[in-house]
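Engineer: Data: start-v4.txt, compact mmCIF, C-alpha atoms.
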```txt
# COMPACT_ATOMS: atom_id res chain seq x y z
CA GLY A 673 0.00 0.00 0.00
CA SER A 674 0.98 3.62 -0.15
CA THR A 675 2.58 5.52 2.67
CA SER A 676 1.45 8.98 1.73
CA CYS A 677 -1.34 10.74 -0.09
CA GLY A 678 1.05 13.14 -1.77
CA ALA A 679 1.62 12.55 -5.47
CA ASP A 680 5.37 13.04 -4.99
CA ALA A 681 5.72 11.48 -1.56
CA GLY A 682 5.60 7.74 -2.04
CA GLU A 683 2.03 7.31 -3.26
CA ASP A 684 1.42 3.87 -4.68
CA VAL A 685 2.04 4.28 -8.41
CA ASP A 686 -0.25 1.33 -9.14
CA GLU A 687 -3.28 3.14 -7.74
CA ARG A 688 -2.64 6.18 -9.92
CA THR A 689 -2.16 3.93 -12.96
CA VAL A 690 -5.37 2.04 -12.22
CA LEU A 691 -7.37 5.26 -11.92
CA PHE A 692 -5.80 6.63 -15.13
CA GLN A 693 -7.03 3.51 -16.91
CA LEU A 694 -10.51 3.89 -15.42
CA TYR A 695 -10.63 7.49 -16.63
CA ASN A 696 -9.38 6.69 -20.12
CA GLU A 697 -11.60 3.65 -20.73
CA LEU A 698 -14.77 5.28 -19.39
CA GLY A 699 -14.50 8.51 -21.37
CA GLY A 700 -13.18 10.71 -18.58
CA ASN A 701 -12.88 13.80 -20.74
CA ASP A 702 -16.66 13.78 -21.16
CA TRP A 703 -17.58 13.17 -17.50
CA ASN A 704 -19.94 15.63 -15.86
CA SER A 705 -17.40 16.22 -13.08
CA ARG A 706 -13.71 15.33 -13.18
CA ASP A 707 -12.02 17.78 -10.82
CA ASN A 708 -8.31 17.04 -10.30
CA TRP A 709 -8.36 13.80 -12.34
CA LYS A 710 -5.00 13.12 -14.01
CA GLU A 711 -3.45 16.24 -12.47
CA ASP A 712 0.21 15.35 -11.91
CA ASN A 713 0.54 17.60 -8.88
CA LYS A 714 -2.67 16.38 -7.22
CA SER A 715 -2.97 13.32 -5.03
CA VAL A 716 -5.53 10.77 -6.23
CA CYS A 717 -7.20 11.32 -2.84
CA THR A 718 -8.29 14.76 -4.10
CA TRP A 719 -9.74 13.51 -7.38
CA PHE A 720 -13.50 13.91 -7.75
CA GLY A 721 -15.35 10.85 -6.41
CA VAL A 722 -12.25 9.26 -4.86
CA LYS A 723 -11.74 8.83 -1.13
CA CYS A 724 -8.79 7.50 0.79
CA ALA A 725 -8.36 6.13 4.30
CA ASP A 726 -6.09 8.15 6.56
CA GLY A 727 -4.56 9.90 3.58
CA SER A 728 -3.36 6.60 2.24
CA GLU A 729 -4.91 3.90 0.03
CA VAL A 730 -8.02 4.41 -2.11
CA THR A 731 -11.10 3.08 -0.30
CA ASP A 732 -14.05 4.62 -2.17
CA ILE A 733 -14.86 5.38 -5.79
CA GLU A 734 -18.24 7.08 -6.12
CA LEU A 735 -19.11 8.43 -9.57
CA PRO A 736 -22.88 7.95 -9.91
CA ARG A 737 -24.74 9.75 -12.72
CA ASN A 738 -21.48 11.18 -13.99
CA GLY A 739 -21.56 10.43 -17.72
CA LEU A 740 -19.25 7.40 -17.63
CA LYS A 741 -19.39 5.25 -20.78
CA GLY A 742 -17.63 2.03 -21.73
CA THR A 743 -16.48 -1.15 -19.99
CA VAL A 744 -15.20 -0.94 -16.42
CA PRO A 745 -11.58 -2.21 -16.62
CA PRO A 746 -10.85 -5.25 -14.43
CA SER A 747 -7.71 -3.47 -13.25
CA ILE A 748 -9.94 -1.52 -10.85
CA PHE A 749 -9.94 -4.62 -8.67
CA HIS A 750 -6.23 -4.14 -8.01
CA LEU A 751 -7.25 -1.43 -5.53
CA LYS A 752 -6.89 -3.83 -2.63
CA SER A 753 -8.36 -1.49 0.00
CA LEU A 754 -11.44 -0.57 -2.04
CA ARG A 755 -14.53 -0.70 0.19
CA THR A 756 -17.13 1.17 -1.89
CA LEU A 757 -17.67 1.18 -5.65
CA ASN A 758 -20.63 3.24 -6.85
CA LEU A 759 -21.05 3.67 -10.59
CA GLN A 760 -24.85 3.62 -10.72
CA GLU A 761 -26.77 5.30 -13.52
CA ASN A 762 -23.87 5.32 -15.95
CA ASP A 763 -23.70 3.73 -19.41
CA VAL A 764 -21.10 1.14 -18.37
CA GLU A 765 -20.66 -2.60 -18.77
CA PHE A 766 -19.36 -4.53 -15.78
CA THR A 767 -18.24 -8.06 -14.96
CA PHE A 768 -16.86 -9.71 -11.83
CA GLU A 769 -13.72 -11.03 -13.50
CA GLY A 770 -10.88 -10.60 -11.04
CA ILE A 771 -13.04 -9.06 -8.32
CA GLY A 772 -11.61 -11.50 -5.79
CA LEU A 773 -8.58 -9.19 -5.64
CA THR A 774 -10.69 -6.69 -3.65
CA PRO A 775 -11.59 -8.68 -0.52
CA ALA A 776 -12.36 -5.48 1.43
CA LEU A 777 -15.27 -4.46 -0.84
CA GLU A 778 -18.36 -3.84 1.29
CA GLU A 779 -20.65 -1.82 -0.97
CA LEU A 780 -21.21 -2.32 -4.69
CA ASN A 781 -23.70 -0.11 -6.49
CA MET A 782 -24.14 -0.90 -10.17
CA GLY A 783 -27.83 -0.06 -10.42
CA HIS A 784 -29.09 1.16 -13.79
CA THR A 785 -25.96 0.26 -15.75
CA LYS A 786 -25.30 -2.41 -18.37
CA ALA A 787 -24.36 -5.14 -15.89
CA ARG A 788 -25.59 -8.46 -17.30
CA SER A 789 -24.12 -11.19 -15.10
CA LEU A 790 -23.47 -11.88 -11.43
CA SER A 791 -21.11 -14.76 -12.13
CA GLY A 792 -18.21 -14.66 -9.66
CA ILE A 793 -19.91 -12.37 -7.16
CA ASP A 794 -19.51 -15.04 -4.47
CA GLN A 795 -15.85 -13.95 -4.17
CA LEU A 796 -17.01 -10.86 -2.25
CA GLN A 797 -17.43 -12.45 1.15
CA ASN A 798 -17.28 -9.11 2.98
CA LEU A 799 -19.97 -7.46 0.83
CA ARG A 800 -22.64 -5.74 2.95
CA THR A 801 -24.68 -3.83 0.34
CA LEU A 802 -25.41 -4.84 -3.25
CA ASN A 803 -27.47 -2.75 -5.67
CA MET A 804 -28.09 -4.29 -9.09
CA ALA A 805 -31.54 -2.75 -9.64
CA GLU A 806 -32.76 -1.42 -12.99
CA ASN A 807 -30.66 -3.76 -15.13
CA HIS A 808 -31.51 -6.42 -17.74
CA PHE A 809 -30.13 -9.74 -16.54
CA SER A 810 -32.78 -11.91 -18.24
CA THR A 811 -31.64 -14.92 -16.25
CA SER A 812 -32.57 -16.82 -13.12
CA LEU A 813 -31.16 -15.83 -9.75
CA PRO A 814 -27.63 -17.31 -9.69
CA LYS A 815 -26.41 -19.57 -6.92
CA ASP A 816 -23.36 -17.33 -6.49
CA LEU A 817 -25.64 -14.62 -5.13
CA PHE A 818 -26.84 -16.74 -2.23
CA LYS A 819 -23.29 -17.46 -1.09
CA LEU A 820 -22.91 -13.85 0.10
CA SER A 821 -23.29 -14.74 3.78
CA SER A 822 -22.34 -11.25 5.02
CA LEU A 823 -24.80 -9.37 2.81
CA GLU A 824 -27.15 -7.04 4.70
CA LYS A 825 -28.92 -5.10 1.92
CA LEU A 826 -29.88 -6.45 -1.49
CA PHE A 827 -31.58 -4.37 -4.18
CA ILE A 828 -32.50 -6.17 -7.41
CA THR A 829 -35.69 -4.28 -8.28
CA ASN A 830 -36.65 -4.33 -11.97
CA ALA A 831 -33.51 -6.20 -12.94
CA GLY A 832 -35.01 -8.70 -15.38
CA PHE A 833 -34.62 -11.81 -13.24
CA ILE A 834 -36.75 -14.82 -14.19
CA GLY A 835 -37.43 -18.25 -12.71
CA SER A 836 -38.14 -19.21 -9.13
CA ILE A 837 -36.74 -17.96 -5.84
CA PRO A 838 -34.59 -20.87 -4.63
CA GLY A 839 -34.57 -22.13 -1.07
CA ASP A 840 -30.88 -21.15 -1.00
CA ILE A 841 -32.07 -17.66 -0.10
CA GLY A 842 -32.44 -18.89 3.48
CA ALA A 843 -28.64 -18.90 3.83
CA MET A 844 -28.48 -15.10 3.68
CA THR A 845 -29.22 -14.77 7.36
CA LYS A 846 -27.65 -11.31 7.82
CA LEU A 847 -30.01 -9.64 5.36
CA SER A 848 -31.98 -6.72 6.78
CA VAL A 849 -33.39 -5.26 3.54
CA LEU A 850 -34.48 -7.31 0.51
CA PHE A 851 -35.96 -5.69 -2.60
CA MET A 852 -36.88 -8.16 -5.38
CA ASN A 853 -39.93 -6.40 -6.82
CA HIS A 854 -40.80 -5.83 -10.49
CA ASN A 855 -39.01 -8.86 -11.89
CA GLU A 856 -40.42 -11.94 -13.66
CA LEU A 857 -39.94 -14.27 -10.70
CA THR A 858 -42.30 -17.23 -10.76
CA GLY A 859 -43.37 -20.09 -8.51
CA THR A 860 -44.08 -19.92 -4.83
CA LEU A 861 -42.35 -17.98 -2.09
CA PRO A 862 -40.04 -20.62 -0.54
CA SER A 863 -40.56 -21.62 3.07
CA GLU A 864 -36.85 -20.85 3.65
CA ILE A 865 -37.80 -17.16 3.59
CA GLY A 866 -38.59 -17.66 7.26
CA MET A 867 -34.87 -18.12 7.97
CA LEU A 868 -34.29 -14.43 7.24
CA THR A 869 -34.98 -13.38 10.80
CA SER A 870 -33.14 -10.04 10.52
CA VAL A 871 -35.07 -8.73 7.49
CA SER A 872 -37.09 -5.62 8.32
CA VAL A 873 -38.23 -4.81 4.76
CA LEU A 874 -39.30 -7.53 2.29
CA GLN A 875 -40.40 -6.32 -1.13
CA VAL A 876 -41.59 -8.99 -3.61
CA SER A 877 -44.40 -7.04 -5.31
CA GLU A 878 -45.21 -7.19 -9.03
CA ASN A 879 -43.65 -10.52 -9.88
CA LEU A 880 -45.32 -13.68 -11.19
CA LEU A 881 -45.42 -15.43 -7.83
CA TYR A 882 -48.41 -17.56 -6.90
CA GLY A 883 -49.61 -20.06 -4.32
CA SER A 884 -50.01 -19.54 -0.61
CA VAL A 885 -47.79 -17.39 1.58
CA PRO A 886 -45.65 -19.82 3.63
CA THR A 887 -46.49 -19.95 7.32
CA GLU A 888 -42.75 -19.67 8.00
CA ILE A 889 -43.05 -15.97 7.32
CA ASN A 890 -44.13 -15.70 10.95
CA LYS A 891 -40.52 -16.49 11.91
CA MET A 892 -39.36 -13.16 10.50
CA LYS A 893 -39.56 -11.38 13.84
CA ALA A 894 -37.76 -8.23 12.65
CA LEU A 895 -40.18 -7.67 9.76
CA LYS A 896 -41.60 -4.13 9.68
CA SER A 897 -42.72 -3.84 6.05
CA LEU A 898 -44.01 -6.57 3.74
CA PHE A 899 -44.90 -5.64 0.17
CA ALA A 900 -46.46 -8.43 -1.87
CA ASP A 901 -49.08 -6.72 -4.03
CA SER A 902 -49.72 -7.67 -7.65
CA PHE A 903 -51.54 -4.79 -9.35
CA THR A 904 -49.69 -4.99 -12.67
CA ARG A 905 -49.60 -8.79 -13.04
CA PRO A 906 -53.08 -10.11 -13.92
CA GLY A 907 -53.37 -13.83 -13.32
CA ALA A 908 -50.47 -13.89 -10.88
CA GLY A 909 -50.49 -13.26 -7.16
CA PHE A 910 -50.84 -15.18 -3.93
CA SER A 911 -53.91 -17.26 -3.18
CA GLY A 912 -55.31 -19.55 -0.51
CA PRO A 913 -56.25 -18.50 3.02
CA LEU A 914 -55.17 -15.05 4.16
CA PRO A 915 -52.29 -15.53 6.61
CA ALA A 916 -52.81 -14.15 10.11
CA PHE A 917 -49.35 -12.57 10.30
CA ASP A 918 -49.91 -12.95 14.03
CA GLN A 919 -46.34 -13.53 15.21
CA LEU A 920 -44.70 -10.43 13.75
CA PRO A 921 -44.33 -7.98 16.65
CA ASN A 922 -42.73 -5.18 14.60
CA LEU A 923 -45.01 -5.19 11.55
CA ARG A 924 -46.05 -1.67 10.46
CA GLU A 925 -46.75 -1.95 6.72
CA LEU A 926 -48.54 -4.75 4.91
CA ALA A 927 -49.29 -4.45 1.18
CA LEU A 928 -51.28 -7.36 -0.30
CA GLY A 929 -53.37 -5.66 -2.98
CA SER A 930 -54.66 -7.58 -6.03
CA ASN A 931 -53.90 -11.03 -4.68
CA THR A 932 -56.66 -13.64 -4.54
CA PHE A 933 -56.80 -14.77 -0.94
CA THR A 934 -59.88 -16.78 -0.03
CA GLY A 935 -61.91 -17.38 3.10
CA ALA A 936 -62.57 -15.20 6.11
CA MET A 937 -60.05 -12.93 7.75
CA PRO A 938 -58.32 -14.86 10.56
CA SER A 939 -59.54 -13.97 14.03
CA SER A 940 -55.92 -13.61 15.14
CA PHE A 941 -54.99 -11.25 12.27
CA LEU A 942 -51.99 -9.11 13.33
CA GLU A 943 -52.58 -9.87 16.99
CA GLY A 944 -48.86 -10.37 17.54
CA VAL A 945 -48.06 -6.70 16.91
CA THR A 946 -46.64 -5.36 20.17
CA VAL A 947 -46.56 -1.59 19.61
CA THR A 948 -50.21 -0.69 19.17
CA ASP A 949 -49.92 3.07 19.54
CA GLU A 950 -48.43 3.32 16.04
CA LYS A 951 -50.47 3.17 12.86
CA ILE A 952 -50.29 -0.04 10.84
CA THR A 953 -50.70 0.58 7.10
CA ILE A 954 -52.56 -2.16 5.24
CA GLY A 955 -53.09 -2.04 1.50
```
Translate this file's structure into structure tokens.

Structural biologist:
Amino acid sequence: GSTSCGADAGEDVDERTVLFQLYNELGGNDWNSRDNWKEDNKSVCTWFGVKCADGSEVTDIELPRNGLKGTVPPSIFHLKSLRTLNLQENDVEFTFEGIGLTPALEELNMGHTKARSLSGIDQLQNLRTLNMAENHFSTSLPKDLFKLSSLEKLFITNAGFIGSIPGDIGAMTKLSVLFMNHNELTGTLPSEIGMLTSVSVLQVSENLLYGSVPTEINKMKALKSLFADSFTRPGAGFSGPLPAFDQLPNLRELALGSNTFTGAMPSSFLEGVTVTDEKITIG
């Protein structure tokens, strides 16, 4: 690693070279903001969108909505201390080739880009937040995704995923936020969803899911918001008896619109909610 943030005081030449390549291959001259980039007398730590830890190695690259265009060079993964990479809403292609060289990466935001594959993402065992929303994967949820045992927040809204939600999802026990809405996910909600006991927000609306809601959902004791409506998907949606959701003490929002539940409302409906002086929104 580098010993100083000064361009002429021992800064790691490799980091500067890597960032030069990022700039050149993603059309840096046309970026919306590029303050200090490629300035010989400026430390990379002062370049727009770049942050360093303790005036040393690069830890964050955040260039969202900045006019980047092209293919993200794999050399970026040679930044061994990189913790955050945010390139969302840019016209860039991205793969995980070589990403295992950045074991410190905790946050990856590639929402609304041209990312098309998650193959190799399981190398990021320290990843806490993953945003791949607003992409066009057109594939089933890959097994690599469910090997991210440290992941806390997952956003794959409107990302073109198809096929069923595998029971493997139950292995992601550190998840607190899960957004999977507006895909083409089919089949039933797996009973393993109940293993996600730290999830506070579960969003599965506007997919092609069907069947009954698994009773195991009552094991999700941290759940505050459950969105499972199906307004834009005629013929899809949950059916069978309306669940009582009676063992979810923290539930505050419940969206079940345009499903086809049958039978009477359970007498114990929401009776497990412990804080009754707050409004519970049901839709």

Engineer: Tell me, as a VMD selection string, which residues lie within 10 Å of Phe766 in chain A, counting all atoms listed in the file; anything in the same chain fewer than 5 positions away does not count.

Structural biologist: chain A and resid 742 to 746 759 782 785 to 790

Engineer: Now that the selection is made, can you save its residues with C-alpha atoms as a PDB file, keeping the file's coordinate frame?

Structural biologist:
```pdb
ATOM      1  CA  GLY A 742     -17.630   2.030 -21.730  1.00  0.00           C
ATOM      2  CA  THR A 743     -16.480  -1.150 -19.990  1.00  0.00           C
ATOM      3  CA  VAL A 744     -15.200  -0.940 -16.420  1.00  0.00           C
ATOM      4  CA  PRO A 745     -11.580  -2.210 -16.620  1.00  0.00           C
ATOM      5  CA  PRO A 746     -10.850  -5.250 -14.430  1.00  0.00           C
ATOM      6  CA  LEU A 759     -21.050   3.670 -10.590  1.00  0.00           C
ATOM      7  CA  MET A 782     -24.140  -0.900 -10.170  1.00  0.00           C
ATOM      8  CA  THR A 785     -25.960   0.260 -15.750  1.00  0.00           C
ATOM      9  CA  LYS A 786     -25.300  -2.410 -18.370  1.00  0.00           C
ATOM     10  CA  ALA A 787     -24.360  -5.140 -15.890  1.00  0.00           C
ATOM     11  CA  ARG A 788     -25.590  -8.460 -17.300  1.00  0.00           C
ATOM     12  CA  SER A 789     -24.120 -11.190 -15.100  1.00  0.00           C
ATOM     13  CA  LEU A 790     -23.470 -11.880 -11.430  1.00  0.00           C
TER      14      LEU A 790
END
```

Engineer: How many Å lie between CA of Gly842 in chain A and CA of His784 in chain A, rounded to one decimal?

Structural biologist: 26.7 Å

Engineer: Enter the distance from CA of Arg905 in chain A to CA of Glu864 in chain A, in Å, rounded to one decimal.

Structural biologist: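 The value is 24.2 Å.
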
Engineer: Kindly give the distance, in Å, that separates CA of Glu943 in chain A and CA of Ser848 in chain A, rounded to a single decimal.

Structural biologist: 23.2 Å

Engineer: At a cut-off of 7 Å, using all atoms listed in the file, what residues contact range 873-878 of chain A? Leave out same-chain residues fewer than 5 positions from it and give the result as a ChimeraX atom specification.

Structural biologist: /A:848-854,895-905

Engineer: I'd like to know which of A:Asn830, A:Thr756, A:Thr953, A:Ser939 is closest to Leu735 in chain A, using all atoms listed in the file.

Structural biologist: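 The answer is A:Thr756, which sits nearest to Leu735 in chain A.
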
Engineer: Between A:Leu751, A:Arg924, A:Glu769, A:Trp703, single out the one closest to Thr689 in chain A, counting all atoms listed in the file.

Structural biologist: A:Leu751
